[in-house]
>>> print(open('coords_16.cif').read())   # mmCIF, C-alpha atoms
data_query
loop_
_atom_site.label_atom_id
_atom_site.label_comp_id
_atom_site.auth_asym_id
_atom_site.auth_seq_id
_atom_site.Cartn_x
_atom_site.Cartn_y
_atom_site.Cartn_z
CA MET A 19 17.39 14.02 -29.94
CA PRO A 20 14.92 14.49 -27.07
CA ASP A 21 11.25 14.47 -27.92
CA SER A 22 9.65 17.81 -28.64
CA LEU A 23 6.06 16.65 -28.20
CA PRO A 24 4.02 17.30 -25.06
CA ALA A 25 3.08 14.14 -23.17
CA SER A 26 -0.46 14.02 -24.52
CA ASP A 27 0.67 14.24 -28.15
CA LEU A 28 3.55 11.84 -27.52
CA LEU A 29 1.25 9.12 -26.19
CA ASN A 30 -1.37 9.56 -28.89
CA ASP A 31 1.40 9.52 -31.48
CA ILE A 32 2.93 6.26 -30.25
CA VAL A 33 -0.46 4.54 -30.00
CA ALA A 34 -1.23 5.58 -33.58
CA ALA A 35 2.22 4.36 -34.67
CA ALA A 36 1.58 0.96 -33.07
CA LEU A 37 -1.70 0.60 -34.95
CA ARG A 38 -0.01 1.52 -38.21
CA ALA A 39 2.67 -1.10 -37.50
CA GLY A 40 0.09 -3.87 -37.30
CA ALA A 41 -1.26 -3.84 -33.75
CA ASP A 42 -5.01 -4.34 -33.37
CA ALA A 43 -5.04 -2.30 -30.16
CA ALA A 44 -2.50 -0.42 -28.05
CA GLU A 45 -2.08 1.64 -24.92
CA ALA A 46 0.75 3.91 -23.84
CA ALA A 47 1.55 5.42 -20.47
CA THR A 48 4.11 7.83 -19.08
CA ALA A 49 5.30 8.06 -15.49
CA GLU A 50 7.18 11.17 -14.49
CA ARG A 51 8.81 11.36 -11.07
CA ALA A 52 10.96 13.84 -9.17
CA SER A 53 12.12 13.23 -5.62
CA LEU A 54 14.50 14.67 -3.08
CA SER A 55 15.50 13.03 0.21
CA VAL A 56 17.91 14.13 2.91
CA GLY A 57 19.31 12.01 5.75
CA VAL A 58 21.11 13.04 8.91
CA ARG A 59 22.81 11.12 11.68
CA ASN A 60 23.90 12.56 15.01
CA GLY A 61 23.00 16.03 13.81
CA LYS A 62 25.22 15.87 10.73
CA LEU A 63 24.25 15.58 7.09
CA GLU A 64 24.66 11.98 5.93
CA ASP A 65 23.20 11.79 2.44
CA VAL A 66 21.23 13.71 -0.17
CA GLU A 67 19.49 11.90 -3.01
CA ARG A 68 17.71 13.50 -5.93
CA GLU A 69 15.91 11.61 -8.69
CA GLU A 70 14.21 12.77 -11.85
CA SER A 71 12.82 10.33 -14.36
CA ARG A 72 10.38 10.15 -17.22
CA ASP A 73 9.52 6.70 -18.51
CA LEU A 74 7.27 5.41 -21.25
CA GLY A 75 5.47 2.08 -21.44
CA LEU A 76 3.74 0.61 -24.48
CA ARG A 77 1.42 -2.40 -24.57
CA VAL A 78 0.19 -3.76 -27.89
CA PHE A 79 -2.28 -6.47 -28.86
CA ILE A 80 -2.44 -8.61 -31.97
CA GLY A 81 -5.57 -10.66 -31.62
CA LYS A 82 -5.28 -12.25 -28.18
CA ARG A 83 -1.51 -11.93 -28.10
CA GLN A 84 0.09 -9.08 -26.16
CA ALA A 85 3.51 -7.62 -25.42
CA THR A 86 4.82 -4.73 -23.37
CA VAL A 87 8.00 -2.67 -23.68
CA SER A 88 9.31 0.41 -21.90
CA ALA A 89 11.99 3.06 -22.26
CA SER A 90 13.35 6.11 -20.49
CA ASP A 91 14.79 7.60 -23.68
CA LEU A 92 11.83 9.24 -25.42
CA SER A 93 13.57 10.34 -28.61
CA ASP A 94 11.93 9.81 -31.99
CA ALA A 95 14.33 6.99 -32.86
CA THR A 96 13.76 5.17 -29.58
CA ARG A 97 9.99 5.44 -29.87
CA ALA A 98 10.15 3.98 -33.38
CA ARG A 99 12.25 1.04 -32.15
CA LEU A 100 9.87 0.59 -29.22
CA VAL A 101 6.88 0.22 -31.52
CA GLU A 102 8.73 -2.14 -33.84
CA ARG A 103 9.92 -4.32 -30.98
CA ALA A 104 6.51 -4.45 -29.25
CA VAL A 105 4.68 -5.53 -32.39
CA ALA A 106 7.31 -8.16 -33.17
CA MET A 107 7.09 -9.54 -29.63
CA ALA A 108 3.30 -9.67 -29.72
CA LYS A 109 3.35 -11.75 -32.90
CA LEU A 110 5.42 -14.38 -31.07
CA ALA A 111 3.61 -14.24 -27.73
CA PRO A 112 1.27 -17.06 -26.63
CA GLU A 113 -2.42 -16.37 -26.91
CA ASP A 114 -4.30 -15.21 -23.83
CA PRO A 115 -8.05 -15.56 -24.38
CA TYR A 116 -8.75 -12.87 -21.78
CA ALA A 117 -6.23 -10.26 -22.95
CA GLY A 118 -7.48 -6.92 -24.18
CA LEU A 119 -8.13 -3.29 -23.43
CA VAL A 120 -11.12 -2.00 -21.51
CA PRO A 121 -13.80 -1.35 -24.19
CA ALA A 122 -14.73 2.21 -24.99
CA ALA A 123 -18.21 1.83 -23.50
CA GLU A 124 -16.74 0.83 -20.11
CA LEU A 125 -14.05 3.53 -19.81
CA ALA A 126 -14.04 6.27 -17.19
CA ARG A 127 -15.12 9.64 -18.50
CA GLY A 128 -14.23 13.10 -17.21
CA PRO A 129 -14.40 15.58 -15.82
CA PHE A 130 -12.63 13.83 -12.95
CA PRO A 131 -12.99 15.05 -9.35
CA ASP A 132 -10.31 17.19 -7.71
CA LEU A 133 -8.93 14.90 -5.03
CA GLN A 134 -6.27 17.40 -3.90
CA LEU A 135 -3.46 14.93 -4.50
CA SER A 136 -0.89 17.53 -5.58
CA ASP A 137 0.42 20.21 -3.21
CA PRO A 138 2.24 23.16 -4.79
CA SER A 139 4.38 23.57 -1.64
CA GLU A 140 8.07 22.87 -1.98
CA ARG A 141 10.85 22.08 0.46
CA THR A 142 14.46 22.95 -0.16
CA PRO A 143 17.30 20.59 0.75
CA ALA A 144 18.13 22.86 3.67
CA GLU A 145 14.56 22.69 4.96
CA LEU A 146 14.50 18.92 4.66
CA GLU A 147 17.82 18.66 6.49
CA GLU A 148 16.57 20.86 9.31
CA ALA A 149 13.33 18.88 9.69
CA ALA A 150 15.27 15.60 9.83
CA ARG A 151 17.72 17.07 12.32
CA GLN A 152 14.93 18.32 14.58
CA ALA A 153 13.15 14.96 14.53
CA GLU A 154 16.38 13.16 15.41
CA ALA A 155 17.14 15.61 18.23
CA ALA A 156 13.67 15.14 19.71
CA ALA A 157 14.09 11.36 19.64
CA LEU A 158 17.55 11.50 21.22
CA ALA A 159 16.17 13.73 23.98
CA VAL A 160 13.91 10.92 25.24
CA PRO A 161 15.51 9.48 28.43
CA GLY A 162 16.94 6.04 27.74
CA VAL A 163 17.58 6.61 24.04
CA SER A 164 21.30 6.16 23.43
CA LYS A 165 21.91 6.10 19.68
CA SER A 166 20.48 7.36 16.44
CA GLU A 167 19.94 5.31 13.33
CA GLY A 168 19.29 8.52 11.44
CA GLY A 169 16.58 10.98 10.59
CA HIS A 170 15.26 11.41 7.09
CA ALA A 171 12.98 13.83 5.27
CA GLY A 172 11.82 13.79 1.69
CA THR A 173 9.54 15.16 -0.94
CA ALA A 174 8.34 13.65 -4.21
CA SER A 175 6.03 14.41 -7.09
CA THR A 176 4.65 12.05 -9.72
CA ARG A 177 2.48 12.32 -12.81
CA TRP A 178 0.77 9.42 -14.56
CA ARG A 179 -0.88 9.59 -17.96
CA LEU A 180 -2.61 6.83 -19.90
CA VAL A 181 -3.83 6.80 -23.51
CA THR A 182 -5.53 3.81 -25.16
CA SER A 183 -6.70 3.11 -28.68
CA GLU A 184 -10.20 2.62 -27.24
CA GLY A 185 -10.36 6.36 -26.64
CA PHE A 186 -9.19 6.84 -23.06
CA ASP A 187 -6.92 9.78 -22.26
CA GLY A 188 -6.45 10.63 -18.60
CA ALA A 189 -3.80 11.95 -16.25
CA TYR A 190 -3.33 12.96 -12.64
CA ALA A 191 -0.49 14.25 -10.51
CA SER A 192 0.38 13.66 -6.86
CA THR A 193 2.90 14.80 -4.30
CA GLY A 194 4.29 13.33 -1.12
CA PHE A 195 6.09 14.66 1.93
CA SER A 196 7.76 12.39 4.47
CA LEU A 197 9.61 12.63 7.76
CA GLY A 198 10.95 9.90 10.02
CA VAL A 199 13.63 8.87 12.49
CA GLY A 200 14.99 5.66 13.97
CA VAL A 201 16.78 5.30 17.31
CA ILE A 202 18.16 2.73 19.72
CA ALA A 203 17.28 2.64 23.41
CA GLU A 204 19.59 0.94 25.89
CA LYS A 205 19.19 -0.50 29.38
CA ASP A 206 21.59 -2.75 31.28
CA GLY A 207 23.54 -3.40 28.11
CA ALA A 208 20.48 -4.53 26.14
CA MET A 209 19.37 -2.48 23.16
CA GLU A 210 16.07 -2.12 21.31
CA ARG A 211 15.19 -0.29 18.13
CA GLY A 212 12.25 2.03 17.67
CA GLY A 213 11.16 4.51 15.07
CA GLU A 214 8.40 6.65 13.66
CA SER A 215 7.75 7.98 10.18
CA ARG A 216 4.88 9.70 8.45
CA SER A 217 3.98 10.47 4.85
CA THR A 218 1.28 12.81 3.57
CA ARG A 219 0.13 14.25 0.26
CA TRP A 220 0.23 17.83 1.56
CA LEU A 221 2.99 19.42 3.57
CA GLU A 222 0.58 21.08 5.99
CA ASP A 223 -0.77 17.65 6.98
CA LEU A 224 2.65 16.30 7.97
CA PRO A 225 3.14 16.11 11.76
CA GLY A 226 5.93 18.24 13.18
CA PRO A 227 9.42 16.89 13.83
CA ASP A 228 9.16 17.18 17.61
CA GLY A 229 6.14 14.89 17.75
CA ILE A 230 7.62 12.36 15.34
CA GLY A 231 10.90 12.29 17.24
CA ALA A 232 9.23 11.92 20.64
CA GLU A 233 7.11 9.04 19.34
CA ALA A 234 10.18 7.28 17.90
CA GLY A 235 11.96 7.52 21.23
CA ALA A 236 8.94 6.36 23.19
CA ARG A 237 8.51 3.31 20.98
CA ALA A 238 12.13 2.31 21.48
CA ILE A 239 11.93 2.76 25.26
CA ALA A 240 8.76 0.68 25.46
CA LYS A 241 10.63 -2.35 24.09
CA LEU A 242 13.35 -2.39 26.75
CA GLY A 243 13.63 -5.37 29.06
CA PRO A 244 11.50 -7.82 27.07
CA ARG A 245 10.59 -11.17 28.55
CA LYS A 246 9.85 -14.49 26.96
CA ILE A 247 6.51 -16.04 27.74
CA ALA A 248 5.38 -19.65 27.80
CA SER A 249 3.30 -21.00 24.94
CA THR A 250 -0.38 -20.41 25.54
CA THR A 251 -3.67 -19.39 23.99
CA ALA A 252 -4.82 -15.92 24.98
CA PRO A 253 -6.55 -12.78 23.70
CA VAL A 254 -4.35 -10.91 21.24
CA ILE A 255 -4.63 -7.27 20.18
CA PHE A 256 -2.92 -6.06 17.03
CA GLU A 257 -2.05 -2.38 17.50
CA ARG A 258 -3.38 -0.23 14.67
CA ARG A 259 0.10 0.20 13.15
CA VAL A 260 0.35 -3.53 12.46
CA ALA A 261 -3.34 -4.44 12.30
CA THR A 262 -3.46 -4.18 8.51
CA GLN A 263 -0.91 -6.99 8.29
CA VAL A 264 -3.42 -9.46 9.69
CA LEU A 265 -6.10 -8.14 7.33
CA SER A 266 -4.05 -7.80 4.14
CA PRO A 267 -4.21 -11.53 3.26
CA LEU A 268 -7.93 -10.97 2.70
CA LEU A 269 -7.10 -8.74 -0.26
CA GLY A 270 -5.02 -11.41 -1.95
CA ALA A 271 -7.72 -13.95 -1.23
CA ILE A 272 -10.41 -11.91 -3.02
CA SER A 273 -8.26 -10.74 -5.93
CA GLY A 274 -9.70 -11.72 -9.29
CA PRO A 275 -6.57 -13.51 -10.54
CA SER A 276 -6.49 -15.71 -7.43
CA ILE A 277 -10.19 -16.52 -7.74
CA ALA A 278 -9.83 -17.28 -11.45
CA ARG A 279 -6.96 -19.68 -10.72
CA GLY A 280 -8.88 -21.27 -7.84
CA VAL A 281 -6.01 -20.76 -5.38
CA SER A 282 -7.82 -18.73 -2.72
CA PHE A 283 -9.17 -19.97 0.60
CA LEU A 284 -12.09 -17.56 0.10
CA LYS A 285 -12.97 -18.68 -3.43
CA ASP A 286 -16.34 -20.09 -2.32
CA ARG A 287 -17.25 -17.32 0.11
CA MET A 288 -18.87 -14.68 -2.11
CA GLY A 289 -22.03 -13.40 -0.40
CA GLN A 290 -21.04 -15.11 2.85
CA PRO A 291 -19.62 -13.75 6.12
CA VAL A 292 -15.84 -13.37 6.17
CA LEU A 293 -15.58 -10.87 9.06
CA SER A 294 -17.53 -10.43 12.27
CA LYS A 295 -21.11 -9.26 11.87
CA GLY A 296 -21.40 -5.48 11.67
CA LEU A 297 -17.94 -4.90 10.22
CA ASN A 298 -17.38 -2.92 7.01
CA LEU A 299 -14.19 -2.94 4.93
CA ILE A 300 -14.37 0.19 2.79
CA ASP A 301 -12.51 1.01 -0.42
CA ASP A 302 -12.62 4.74 -1.18
CA PRO A 303 -10.66 6.05 -4.19
CA PHE A 304 -12.14 9.53 -3.70
CA ARG A 305 -10.74 10.32 -0.25
CA VAL A 306 -9.43 13.88 -0.48
CA ARG A 307 -5.63 13.92 -0.07
CA GLY A 308 -5.68 10.14 0.34
CA MET A 309 -2.43 8.28 -0.07
CA ALA A 310 -4.05 5.80 -2.48
CA SER A 311 -6.71 8.00 -4.10
CA ALA A 312 -7.18 7.96 -7.87
CA PRO A 313 -9.78 9.36 -10.29
CA PHE A 314 -9.59 6.18 -12.44
CA ASP A 315 -7.73 2.89 -12.31
CA ASP A 316 -4.58 2.02 -14.25
CA GLU A 317 -6.56 0.58 -17.16
CA GLY A 318 -8.80 3.64 -17.54
CA SER A 319 -11.79 2.04 -15.82
CA PRO A 320 -14.05 4.08 -13.53
CA VAL A 321 -13.57 3.72 -9.78
CA GLU A 322 -16.13 4.00 -7.02
CA ARG A 323 -16.43 3.95 -3.24
CA ARG A 324 -17.63 0.53 -2.19
CA ASN A 325 -17.80 -1.79 0.79
CA LEU A 326 -15.71 -4.82 -0.08
CA VAL A 327 -17.14 -6.37 3.07
CA GLU A 328 -20.48 -5.10 4.36
CA ASP A 329 -21.93 -6.13 7.71
CA GLY A 330 -19.28 -8.86 7.69
CA VAL A 331 -20.36 -10.24 4.30
CA LEU A 332 -18.07 -10.39 1.26
CA THR A 333 -19.65 -8.36 -1.56
CA THR A 334 -17.14 -8.34 -4.43
CA TRP A 335 -13.92 -9.64 -5.91
CA LEU A 336 -11.12 -7.22 -6.83
CA LEU A 337 -11.20 -7.28 -10.61
CA ASN A 338 -9.16 -5.87 -13.44
CA HIS A 339 -10.37 -6.26 -17.02
CA SER A 340 -8.62 -9.59 -17.67
CA ALA A 341 -9.75 -11.29 -14.45
CA ALA A 342 -13.27 -9.99 -14.94
CA ALA A 343 -13.37 -11.46 -18.45
CA GLN A 344 -12.14 -14.80 -17.16
CA LEU A 345 -14.86 -14.87 -14.50
CA GLY A 346 -17.61 -13.60 -16.80
CA LEU A 347 -17.92 -10.35 -14.82
CA LYS A 348 -17.11 -6.67 -15.28
CA THR A 349 -14.05 -4.93 -13.90
CA THR A 350 -14.48 -3.33 -10.48
CA GLY A 351 -11.98 -0.58 -11.24
CA HIS A 352 -9.09 -2.22 -9.39
CA GLY A 353 -6.71 -2.58 -12.33
CA SER A 354 -3.11 -1.87 -11.47
CA ARG A 355 -0.06 -1.79 -13.69
CA GLY A 356 3.34 -0.30 -14.10
CA LEU A 357 4.94 0.40 -17.43
CA VAL A 358 5.85 -3.22 -18.10
CA GLY A 359 3.70 -6.31 -17.97
CA PRO A 360 -0.03 -6.98 -17.90
CA ALA A 361 -2.31 -5.46 -15.29
CA GLY A 362 -2.64 -6.73 -11.74
CA VAL A 363 -5.10 -5.63 -9.08
CA GLN A 364 -4.91 -3.19 -6.19
CA THR A 365 -7.25 -1.42 -3.81
CA HIS A 366 -7.46 2.32 -3.32
CA ASN A 367 -7.86 3.95 0.11
CA LEU A 368 -8.91 0.95 2.14
CA HIS A 369 -9.98 1.03 5.78
CA LEU A 370 -11.82 -1.08 8.31
CA ALA A 371 -14.58 0.94 9.95
CA PRO A 372 -13.80 1.61 13.63
CA GLY A 373 -15.51 0.12 16.67
CA GLU A 374 -16.61 1.70 19.93
CA VAL A 375 -13.64 1.56 22.33
CA ASP A 376 -9.98 2.52 22.04
CA LEU A 377 -6.93 0.34 22.61
CA ALA A 378 -7.20 0.72 26.38
CA GLY A 379 -10.85 -0.27 26.16
CA LEU A 380 -9.98 -3.41 24.17
CA MET A 381 -7.40 -4.31 26.82
CA GLY A 382 -10.03 -3.81 29.49
CA GLN A 383 -12.46 -6.09 27.67
CA ALA A 384 -9.83 -8.80 27.22
CA GLY A 385 -8.43 -8.56 30.76
CA THR A 386 -5.18 -10.43 30.15
CA GLY A 387 -3.35 -11.06 26.90
CA LEU A 388 -0.86 -9.79 24.34
CA VAL A 389 -0.65 -6.49 22.46
CA ILE A 390 1.37 -6.84 19.27
CA THR A 391 3.33 -3.75 18.20
CA SER A 392 5.63 -5.22 15.56
CA MET A 393 5.50 -8.18 13.21
CA PHE A 394 7.94 -9.94 10.92
CA GLY A 395 8.16 -13.00 8.69
CA PRO A 396 4.44 -13.70 8.23
CA SER A 397 3.64 -17.00 6.51
CA LEU A 398 0.36 -17.83 4.76
CA ASN A 399 -1.02 -20.91 3.06
CA GLY A 400 -3.15 -19.26 0.37
CA ASN A 401 -5.27 -22.38 -0.15
CA THR A 402 -6.21 -22.97 3.49
CA GLY A 403 -5.77 -19.62 5.26
CA ASP A 404 -3.38 -21.05 7.85
CA TRP A 405 -1.19 -18.15 9.01
CA SER A 406 1.64 -17.42 11.41
CA ALA A 407 4.00 -14.52 12.17
CA GLY A 408 6.85 -13.61 14.45
CA VAL A 409 5.83 -10.75 16.73
CA SER A 410 6.81 -8.61 19.67
CA GLY A 411 4.86 -6.27 21.90
CA TYR A 412 3.77 -6.31 25.53
CA TRP A 413 1.80 -8.48 27.90
CA PHE A 414 -1.11 -6.92 29.74
CA GLU A 415 -2.92 -8.02 32.89
CA ASN A 416 -6.15 -6.70 34.37
CA GLY A 417 -6.39 -4.40 31.36
CA GLU A 418 -3.04 -2.70 32.07
CA ALA A 419 0.34 -3.04 30.35
CA ALA A 420 2.61 -5.31 32.39
CA TYR A 421 5.90 -5.89 30.54
CA PRO A 422 7.33 -6.06 27.00
CA VAL A 423 7.70 -9.44 25.30
CA SER A 424 9.64 -10.63 22.26
CA GLU A 425 10.70 -13.75 20.35
CA ILE A 426 7.20 -15.15 20.11
CA THR A 427 4.99 -16.41 17.30
CA VAL A 428 1.25 -16.18 16.83
CA ALA A 429 -0.68 -18.53 14.56
CA GLY A 430 -4.17 -19.47 13.46
CA ASN A 431 -6.51 -19.88 10.55
CA LEU A 432 -7.43 -16.45 9.24
CA ALA A 433 -10.89 -17.48 8.08
CA ASP A 434 -11.63 -18.43 11.69
CA LEU A 435 -9.81 -15.51 13.31
CA TRP A 436 -11.53 -12.86 11.19
CA MET A 437 -14.95 -14.11 12.34
CA ARG A 438 -13.95 -13.28 15.94
CA LEU A 439 -12.49 -9.85 15.21
CA VAL A 440 -13.39 -6.86 17.41
CA PRO A 441 -12.21 -3.47 16.09
CA GLY A 442 -11.13 -0.57 18.27
CA SER A 443 -12.11 3.06 17.81
CA ASP A 444 -8.57 4.32 17.21
CA LEU A 445 -8.63 4.40 13.40
CA GLU A 446 -6.09 6.83 11.96
CA PHE A 447 -5.59 7.51 8.25
CA ARG A 448 -1.85 7.19 7.68
CA GLY A 449 -1.44 5.31 4.39
CA GLY A 450 -3.32 3.50 1.66
CA PHE A 451 -4.66 0.80 4.02
CA ASN A 452 -5.72 1.73 7.55
CA SER A 453 -7.22 -0.14 10.44
CA PRO A 454 -8.03 0.46 14.09
CA SER A 455 -6.52 -1.86 16.68
CA LEU A 456 -7.97 -5.37 16.43
CA LEU A 457 -8.84 -7.75 19.27
CA PHE A 458 -9.07 -11.51 18.77
CA ASP A 459 -10.43 -13.43 21.74
CA GLY A 460 -8.12 -16.42 21.54
CA VAL A 461 -4.97 -16.90 19.47
CA ALA A 462 -2.27 -19.57 19.73
CA ILE A 463 0.98 -18.05 21.03
CA ALA A 464 4.24 -19.96 20.76
CA GLY A 465 6.81 -18.79 23.30
CA LYS A 466 9.71 -20.35 25.13
#
>>> encode(input="coords_16.cif", output="structure tokens")
Amino acid sequence: MPDSLPASDLLNDIVAAALRAGADAAEAATAERASLSVGVRNGKLEDVEREESRDLGLRVFIGKRQATVSASDLSDATRARLVERAVAMAKLAPEDPYAGLVPAAELARGPFPDLQLSDPSERTPAELEEAARQAEAAALAVPGVSKSEGGHAGTASTRWRLVTSEGFDGAYASTGFSLGVGVIAEKDGAMERGGESRSTRWLEDLPGPDGIGAEAGARAIAKLGPRKIASTTAPVIFERRVATQVLSPLLGAISGPSIARGVSFLKDRMGQPVLSKGLNLIDDPFRVRGMASAPFDDEGSPVERRNLVEDGVLTTWLLNHSAAAQLGLKTTGHGSRGLVGPAGVQTHNLHLAPGEVDLAGLMGQAGTGLVITSMFGPSLNGNTGDWSAGVSGYWFENGEAAYPVSEITVAGNLADLWMRLVPGSDLEFRGGFNSPSLLFDGVAIAGK
């Protein structure tokens, strides 16, 4: 029998049931999701996928022992079994001295700000198909593009609600609209892939299919006729689309769990420079319509806009409640969890503040070097910061693009590279982590 309780009553009911069954503390969360995606290839409908789900997660504590369980069947009988199983598991779990819920005095309190994360607009399957078809047609119209790998359009909505025995009860909803296309360009029998896709919270913010298709085609064409280059050390610019990939290891290196375990190459750098002087790395959970905005974190802790790095100096670790307890600190509102397992950490809307010149300006400053437009297979030694990645892009000379290059690797120590970072002015907010193009004055390049 399906549940007849609204989500708020359902979660409060299951938390109360867990306490009656012997738990000292408990939290319950629901995640509801509905999505629709449509794919086309060569102007014809290829696939339609629709998903609707409603899942429940329960975490219980007995002393310093914890267990989590989840279910998609929310009937009365299933919820009863869920509580019974969770409590039984917790009794057998090993003790974790830092396990526990965020205390009542440290919880986020409403009213929460309206971040405009949910758009009431809807798209029908026919509208999604037409948008995908138009994007594909625009990409195929670019001279030199020979084949389509398909266009796709989608829409999704989610709702998250969390209730804890410490008194937290919060929920928020979000929507997403996406459009993208992939194509293959061909020249003299050689082929290169290119694509473009965008996702936004609101439909009106999504770029049109003609622009997305034209960009996909242009990116494929730009890769044609790549050369191999000899191994060298030269200035390297990471285009803004891939720039976050050279910055993202910083987030793992300042995550509370990594610091608590002592496995981070930045574990001794609190209050010290980790980026070039003048640079700010900003975490903003309150960005309106942001792809990673949230009124509270996944443990019910308050969130705030903060500079993780200010004027180049590291100011904070990324802490959930458990990591904060282990380090003798307070959570920073970066708790992250799904419906199963203990909390991890995550940032919100993160961006590196832009510099003064655009990509062309960075190329002009560098003179000669490499612009990286795609990256794959990055490797990182988390204890030392030594890093490498396979890349492709184009060589530039005298500040102007010269020819595409591929099958090369770049490498260096990130702690050293970040101190020589020069940001461009071309910051664009596209996802949950955004960066302008980044110039490094000298990077080891392994070629032929």
>>> resolve_selection(input="coords_16.cif", expression="the PyMOL selection byres ((chain A and resi 58) around 8)", output="PyMOL selection string")
chain A and resi 56-57+59-65+147+150-151+168-170
>>> closest_residue(input="coords_16.cif", among="A:Ala149, A:Ala144, A:Leu180, A:Met437", to="Ala44 in chain A", atoms="all atoms listed in the file")
A:Leu180
>>> atom_distance(input="coords_16.cif", atom1="CA of Phe304 in chain A", atom2="CA of Gly356 in chain A")
21.1 Å
>>> residues_around(input="coords_16.cif", residues="range 127-134 of chain A", least_positions_apart="2", cutoff="6 Å", atoms="all atoms listed in the file", output="list in words")
Ser136, Val306, Arg307 and Pro313 of chain A
>>> resolve_selection(input="coords_16.cif", expression="the PyMOL selection byres ((chain A and resi 344) around 12)", output="list in words")
Asp114, Pro115, Tyr116, Ala117, Gly118, Gly274, Pro275, Ser276, Ile277, Ala278, Arg279, Gly280, Leu337, Asn338, His339, Ser340, Ala341, Ala342, Ala343, Leu345, Gly346, Leu347, Lys348 and Thr349 of chain A
>>> residues_around(input="coords_16.cif", residues="Ala85 in chain A", least_positions_apart="4", cutoff="6 Å", atoms="all atoms listed in the file", output="ChimeraX atom specification")
/A:77-78,104,107-108
>>> write_last_selection(input="coords_16.cif", atoms="C-alpha atoms", output="PDB file, keeping the file's coordinate frame")
ATOM      1  CA  ARG A  77       1.420  -2.400 -24.570  1.00  0.00           C
ATOM      2  CA  VAL A  78       0.190  -3.760 -27.890  1.00  0.00           C
ATOM      3  CA  ALA A 104       6.510  -4.450 -29.250  1.00  0.00           C
ATOM      4  CA  MET A 107       7.090  -9.540 -29.630  1.00  0.00           C
ATOM      5  CA  ALA A 108       3.300  -9.670 -29.720  1.00  0.00           C
TER       6      ALA A 108
END
>>> residues_near_point(input="coords_16.cif", point="(8.3, -5.1, 18.9)", cutoff="8 Å", atoms="only C-alpha atoms", output="number ranges by chain")
A: 241, 390-393, 409-411, 423-424
>>> resolve_selection(input="coords_16.cif", expression="the PyMOL selection byres ((chain A and resi 126) around 10)", output="list in words")
Val120, Ala122, Ala123, Glu124, Leu125, Arg127, Gly128, Pro129, Phe130, Phe186, Asp187, Gly188, Pro313, Phe314, Asp315, Glu317, Gly318, Ser319, Pro320, Val321 and Gly351 of chain A
>>> closest_residue(input="coords_16.cif", among="A:Gly40, A:Gly330, A:Pro360, A:Pro121", to="Gln290 in chain A", atoms="all atoms listed in the file")
A:Gly330
>>> residues_around(input="coords_16.cif", residues="Gly395 in chain A", least_positions_apart="3", cutoff="9 Å", atoms="all atoms listed in the file", output="list in words")
Ser406, Ala407, Gly408 and Val409 of chain A
>>> write_last_selection(input="coords_16.cif", atoms="C-alpha atoms", output="PDB file, keeping the file's coordinate frame")
ATOM      1  CA  SER A 406       1.640 -17.420  11.410  1.00  0.00           C
ATOM      2  CA  ALA A 407       4.000 -14.520  12.170  1.00  0.00           C
ATOM      3  CA  GLY A 408       6.850 -13.610  14.450  1.00  0.00           C
ATOM      4  CA  VAL A 409       5.830 -10.750  16.730  1.00  0.00           C
TER       5      VAL A 409
END
>>> closest_residue(input="coords_16.cif", among="A:Ala171, A:Ala46, A:Leu377, A:Ala191", to="Gly442 in chain A", atoms="only C-alpha atoms")
A:Leu377
>>> closest_residue(input="coords_16.cif", among="A:Ser455, A:Ser88, A:Thr193, A:Thr427", to="Val440 in chain A", atoms="all atoms listed in the file")
A:Ser455
>>> closest_residue(input="coords_16.cif", among="A:Gly81, A:Gly226, A:Gly417, A:Pro303", to="Asp42 in chain A", atoms="all atoms listed in the file")
A:Gly81
>>> residues_around(input="coords_16.cif", residues="Ile463 in chain A", least_positions_apart="6", cutoff="6 Å", atoms="all atoms listed in the file", output="compact mmCIF listing (two decimals) with C-alpha atoms, in the frame of the given file")
# COMPACT_ATOMS: atom_id res chain seq x y z
CA SER A 249 3.30 -21.00 24.94
CA THR A 250 -0.38 -20.41 25.54
CA THR A 251 -3.67 -19.39 23.99
CA THR A 427 4.99 -16.41 17.30
CA VAL A 428 1.25 -16.18 16.83
>>> closest_residue(input="coords_16.cif", among="A:Glu374, A:Glu140, A:Glu167, A:Glu45", to="Gly75 in chain A", atoms="all atoms listed in the file")
A:Glu45
>>> residues_around(input="coords_16.cif", residues="range 459-461 of chain A", least_positions_apart="6", cutoff="10 Å", atoms="only C-alpha atoms", output="VMD selection string")
chain A and resid 250 to 255 383 to 384 387 to 388 428 to 431 435 438 to 440
>>> residues_near_point(input="coords_16.cif", point="(-11.1, -9.8, 6.5)", cutoff="6 Å", atoms="all atoms listed in the file", output="list in words")
Leu265, Leu268, Val292, Leu293 and Trp436 of chain A
>>> atom_distance(input="coords_16.cif", atom1="CA of Lys109 in chain A", atom2="CA of Gly362 in chain A")
22.6 Å
>>> atom_distance(input="coords_16.cif", atom1="CA of Val260 in chain A", atom2="CA of Glu322 in chain A")
26.6 Å
>>> decode(input="coords_16.cif", residues="range 135-145 of chain A", atoms="C-alpha atoms", output="tab-separated table (two decimals), in the first residue's frame")
chain	number	residue	atom	x	y	z
A	135	LEU	CA	16.20	27.38	-8.41
A	136	SER	CA	12.85	26.09	-9.69
A	137	ASP	CA	11.35	27.27	-12.99
A	138	PRO	CA	7.65	26.52	-13.55
A	139	SER	CA	8.24	26.32	-17.33
A	140	GLU	CA	7.75	22.96	-18.97
A	141	ARG	CA	8.87	21.42	-22.24
A	142	THR	CA	6.94	18.71	-24.01
A	143	PRO	CA	8.67	15.77	-25.70
A	144	ALA	CA	7.88	17.37	-29.06
A	145	GLU	CA	9.51	20.64	-28.01
